[in-house]
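Enquirer: Structure supplied as input.txt; contents: compact mmCIF, C-alpha atoms.
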```
# COMPACT_ATOMS: atom_id res chain seq x y z
CA MET Y 1279 40.49 126.44 -41.50
CA LYS Y 1280 39.35 127.41 -44.98
CA THR Y 1281 40.78 130.93 -44.48
CA ILE Y 1282 44.20 129.50 -43.52
CA TYR Y 1283 44.15 127.26 -46.61
CA ILE Y 1284 43.37 130.23 -48.89
CA TYR Y 1285 46.10 132.28 -47.19
CA TRP Y 1286 48.72 129.56 -47.80
CA MET Y 1287 47.62 129.12 -51.42
CA CYS Y 1288 47.96 132.86 -52.04
CA LEU Y 1289 51.37 132.88 -50.36
CA LEU Y 1290 52.49 129.92 -52.49
CA LEU Y 1291 51.27 131.68 -55.63
CA VAL Y 1292 53.21 134.85 -54.78
CA VAL Y 1293 56.42 132.96 -53.99
CA THR Y 1294 56.32 130.78 -57.10
CA SER Y 1295 55.57 133.80 -59.29
CA CYS Y 1296 58.92 135.28 -58.26
CA ILE Y 1297 60.99 132.13 -58.82
CA GLY Y 1298 63.00 132.26 -62.01
CA ASP Y 1299 62.75 136.01 -62.41
CA ASP Y 1300 66.51 136.44 -62.25
CA GLY Y 1301 67.01 137.83 -65.72
CA ILE Y 1302 68.72 134.72 -67.04
CA GLY Y 1303 67.56 134.16 -70.58
CA ASN Y 1304 65.99 137.62 -70.61
CA GLU Y 1305 69.09 139.58 -71.57
CA GLN Y 1306 68.21 143.21 -71.83
CA ILE Y 1307 69.55 144.85 -74.95
CA ILE Y 1308 71.34 147.97 -73.83
CA PHE Y 1309 73.69 148.50 -76.77
CA ASN Y 1310 73.15 147.93 -80.45
CA PRO Y 1311 76.45 148.49 -82.27
CA PRO Y 1312 76.42 148.32 -86.07
CA GLU Y 1313 77.17 144.99 -87.71
CA TRP Y 1314 80.55 146.13 -89.08
CA THR Y 1315 81.86 146.60 -85.51
CA VAL Y 1316 80.89 143.12 -84.23
CA GLY Y 1317 83.97 141.06 -83.42
CA VAL Y 1318 87.22 141.18 -81.47
CA TRP Y 1319 89.58 144.07 -82.23
CA GLU Y 1320 93.19 144.45 -81.06
CA ASN Y 1321 94.95 147.82 -80.79
CA GLU Y 1322 98.03 147.80 -83.01
CA ASP Y 1323 99.64 150.54 -80.88
CA GLY Y 1324 101.42 148.59 -78.15
CA ASP Y 1325 101.80 151.68 -75.97
CA ALA Y 1326 98.12 152.67 -75.92
CA LEU Y 1327 96.04 152.06 -72.80
CA SER Y 1328 93.17 150.37 -74.66
CA LYS Y 1329 94.22 146.88 -75.73
CA THR Y 1330 91.15 144.97 -76.91
CA LEU Y 1331 87.63 145.91 -77.98
CA ILE Y 1332 84.91 143.29 -78.16
CA PHE Y 1333 81.66 144.21 -79.85
CA THR Y 1334 78.71 141.82 -79.72
CA GLN Y 1335 75.17 142.36 -80.96
CA THR Y 1336 74.17 143.68 -77.51
CA ASN Y 1337 77.33 144.66 -75.65
CA ILE Y 1338 80.74 146.30 -75.74
CA ILE Y 1339 83.71 145.12 -73.68
CA LEU Y 1340 86.96 147.07 -73.39
CA GLU Y 1341 90.14 145.52 -72.03
CA ASN Y 1342 93.00 147.82 -71.06
CA ARG Y 1343 96.67 146.90 -70.96
CA ASP Y 1344 96.66 147.27 -67.16
CA GLY Y 1345 94.24 144.32 -66.97
CA ASN Y 1346 91.16 146.42 -66.27
CA VAL Y 1347 88.12 145.09 -68.15
CA VAL Y 1348 85.00 147.19 -68.66
CA ASP Y 1349 81.83 145.32 -69.60
CA PHE Y 1350 79.57 148.20 -70.63
CA SER Y 1351 76.24 146.36 -70.20
CA GLN Y 1352 77.28 145.06 -66.79
CA SER Y 1353 78.45 148.52 -65.71
CA ILE Y 1354 75.11 150.03 -66.70
CA ALA Y 1355 73.22 147.27 -64.86
CA LEU Y 1356 75.32 147.79 -61.72
CA ASN Y 1357 74.32 151.46 -61.77
CA GLY Y 1358 70.68 150.41 -61.74
CA ASN Y 1359 70.27 151.14 -65.45
CA ASP Y 1360 70.22 154.79 -64.44
CA ALA Y 1361 72.09 156.02 -67.50
CA LEU Y 1362 71.28 157.82 -70.69
CA ILE Y 1363 72.73 156.08 -73.73
CA GLU Y 1364 72.95 157.59 -77.18
CA GLU Y 1365 74.19 155.65 -80.16
CA ILE Y 1366 74.67 157.16 -83.60
CA ALA Y 1367 75.56 154.67 -86.31
CA THR Y 1368 76.28 155.18 -89.97
CA GLN Y 1369 77.82 153.01 -92.64
CA ASP Y 1370 81.34 153.82 -91.43
CA MET Y 1371 81.03 155.55 -88.05
CA TYR Y 1372 79.63 154.64 -84.63
CA THR Y 1373 79.44 157.15 -81.78
CA LEU Y 1374 78.54 156.01 -78.29
CA THR Y 1375 77.72 158.44 -75.50
CA ILE Y 1376 76.86 157.29 -71.98
CA LEU Y 1377 75.72 159.74 -69.32
CA ILE Y 1378 75.68 158.30 -65.81
CA HIS Y 1379 74.36 160.32 -62.91
CA GLU Y 1380 75.35 158.93 -59.54
CA PRO Y 1381 73.89 160.30 -56.30
CA ASN Y 1382 76.25 162.69 -54.50
CA ALA Y 1383 78.51 162.80 -57.55
CA SER Y 1384 78.79 164.79 -60.70
CA GLU Y 1385 77.55 163.45 -63.99
CA ASP Y 1386 80.01 161.21 -65.75
CA VAL Y 1387 80.02 161.36 -69.54
CA PHE Y 1388 81.74 158.74 -71.66
CA THR Y 1389 81.92 159.35 -75.41
CA ARG Y 1390 83.83 157.32 -77.97
CA THR Y 1391 83.65 157.37 -81.74
CA PHE Y 1392 84.65 154.38 -83.84
CA GLU Y 1393 85.44 155.03 -87.48
CA LYS Y 1394 85.69 152.22 -90.01
CA ALA Y 1395 89.01 152.49 -91.85
CA THR Y 1396 88.77 149.21 -93.80
CA SER Y 1397 86.71 146.05 -93.36
CA ASN Y 1398 89.40 144.84 -90.92
CA SER Y 1399 90.45 148.02 -89.13
CA LEU Y 1400 88.87 150.87 -87.23
CA TYR Y 1401 89.96 153.97 -85.35
CA MET Y 1402 88.79 154.85 -81.85
CA PHE Y 1403 88.48 158.53 -80.88
CA LYS Y 1404 87.81 160.45 -77.69
CA GLY Y 1405 86.74 163.82 -79.03
CA MET Y 1406 89.37 164.69 -81.63
CA GLU Y 1407 92.07 162.54 -79.98
CA GLU Y 1408 92.75 159.24 -81.71
CA LEU Y 1409 93.11 156.47 -79.11
CA GLY Y 1410 94.32 153.81 -81.50
CA THR Y 1411 93.91 151.78 -84.64
CA PHE Y 1412 92.27 148.44 -83.99
CA ILE Y 1413 92.66 145.37 -86.21
CA LYS Y 1414 89.91 142.76 -86.42
CA GLN Y 1415 91.05 139.36 -85.19
```
Mind turning the file's structure into structure tokens?
Expert:
Amino acid sequence: MKTIYIYWMCLLLVVTSCIGDDGIGNEQIIFNPPEWTVGVWENEDGDALSKTLIFTQTNIILENRDGNVVDFSQSIALNGNDALIEEIATQDMYTLTILIHEPNASEDVFTRTFEKATSNSLYMFKGMEELGTFIKQ
């Protein structure tokens, strides 16, 4: 009887140790954009694919004109955090490179550079190609 009691106590301890370990309140910092990028930015070029950029202290969200929304932190988490992330930040430039390796697929590299034009505007580049001028809202 004593052995059964100890077994149930151990089982209860294991189960209750796992409760609440859902990551809520323990947000993992994946991105760390520079302070000058934090905010909501709208692309002034109405024909460009990228419509809105949202930079927070720990995340980047990109909304395209076709309605597609990319939450970078969520995308990394959905890939099992199996990505290499490189951020290079200066006083007026921020380069983000993400390398995702998916099984049975080639490596996918995403690189964007954000250049501060003024305190209320920035440029987004893919390589040497300018993807738009964004105005802080």
Enquirer: Pick out the residues sitting within 8 Å of region 1330-1339 of chain Y, and hand them over as a VMD selection string; count only C-alpha atoms, and ignore anything fewer than 3 positions along from it in its own chain.
Expert: chain Y and resid 1307 to 1313 1315 to 1321 1342 1347 to 1351 1412
Enquirer: Using all atoms listed in the file, which residues sit within 8 Å of Ile1378 (chain Y) once same-chain residues fewer than 4 positions away are excluded, as a PyMOL selection string?
Expert: chain Y and resi 1360-1362+1385-1387
Enquirer: Take the selection from the previous step and output its residues with C-alpha atoms, as an mmCIF file, keeping the file's coordinate frame.
Expert:
```
data_model
loop_
_atom_site.group_PDB
_atom_site.id
_atom_site.type_symbol
_atom_site.label_atom_id
_atom_site.label_comp_id
_atom_site.auth_asym_id
_atom_site.auth_seq_id
_atom_site.Cartn_x
_atom_site.Cartn_y
_atom_site.Cartn_z
ATOM 1 C CA ASP Y 1360 70.220 154.790 -64.440
ATOM 2 C CA ALA Y 1361 72.090 156.020 -67.500
ATOM 3 C CA LEU Y 1362 71.280 157.820 -70.690
ATOM 4 C CA GLU Y 1385 77.550 163.450 -63.990
ATOM 5 C CA ASP Y 1386 80.010 161.210 -65.750
ATOM 6 C CA VAL Y 1387 80.020 161.360 -69.540
#
```
Enquirer: Grab the CA of Asn1398 (chain Y) to CA of Lys1414 (chain Y) distance for me, in Å with one decimal place.
Expert: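 Distance reported for this atom pair: 5.0 Å.
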Enquirer: Choose the residue, out of Y:Met1371, Y:Met1406, Y:Ile1376, Y:Ile1366, that has the smallest atom-to-atom separation from Lys1394 (chain Y); count all atoms listed in the file.
Expert: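 Under the stated criterion, the closest residue is Y:Met1371.
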Enquirer: Within 10 Å of (82.6, 160.0, -75.8) (file coordinates; only C-alpha atoms), which protein or nucleic acid residues are there? I'd like them as number ranges by chain.
Expert: Y: 1373-1377, 1387-1391, 1403-1405
Enquirer: Please measure the separation of CA of Phe1392 (chain Y) and CA of Asp1370 (chain Y), giving the value in Å to one decimal.
Expert: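 According to the coordinates, CA of Phe1392 (chain Y) and CA of Asp1370 (chain Y) are separated by 8.3 Å.
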Enquirer: Nearest to Arg1343 (chain Y): which of Y:Glu1393, Y:Asp1323, Y:Glu1365, Y:Glu1408 is it, counting only C-alpha atoms?
Expert: Y:Asp1323
Enquirer: What does the distance from CA of Thr1396 (chain Y) to CA of Thr1411 (chain Y) come to in Å, to one decimal?
Expert: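 Result for CA of Thr1396 (chain Y) versus CA of Thr1411 (chain Y): 10.8 Å, one decimal.
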Enquirer: Y:Ala1326, Y:Ser1399, Y:Glu1364, Y:Tyr1372: which is nearest Ile1413 (chain Y), counting only C-alpha atoms?
Expert: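 Ranked by minimum distance to Ile1413 (chain Y), first place goes to Y:Ser1399.
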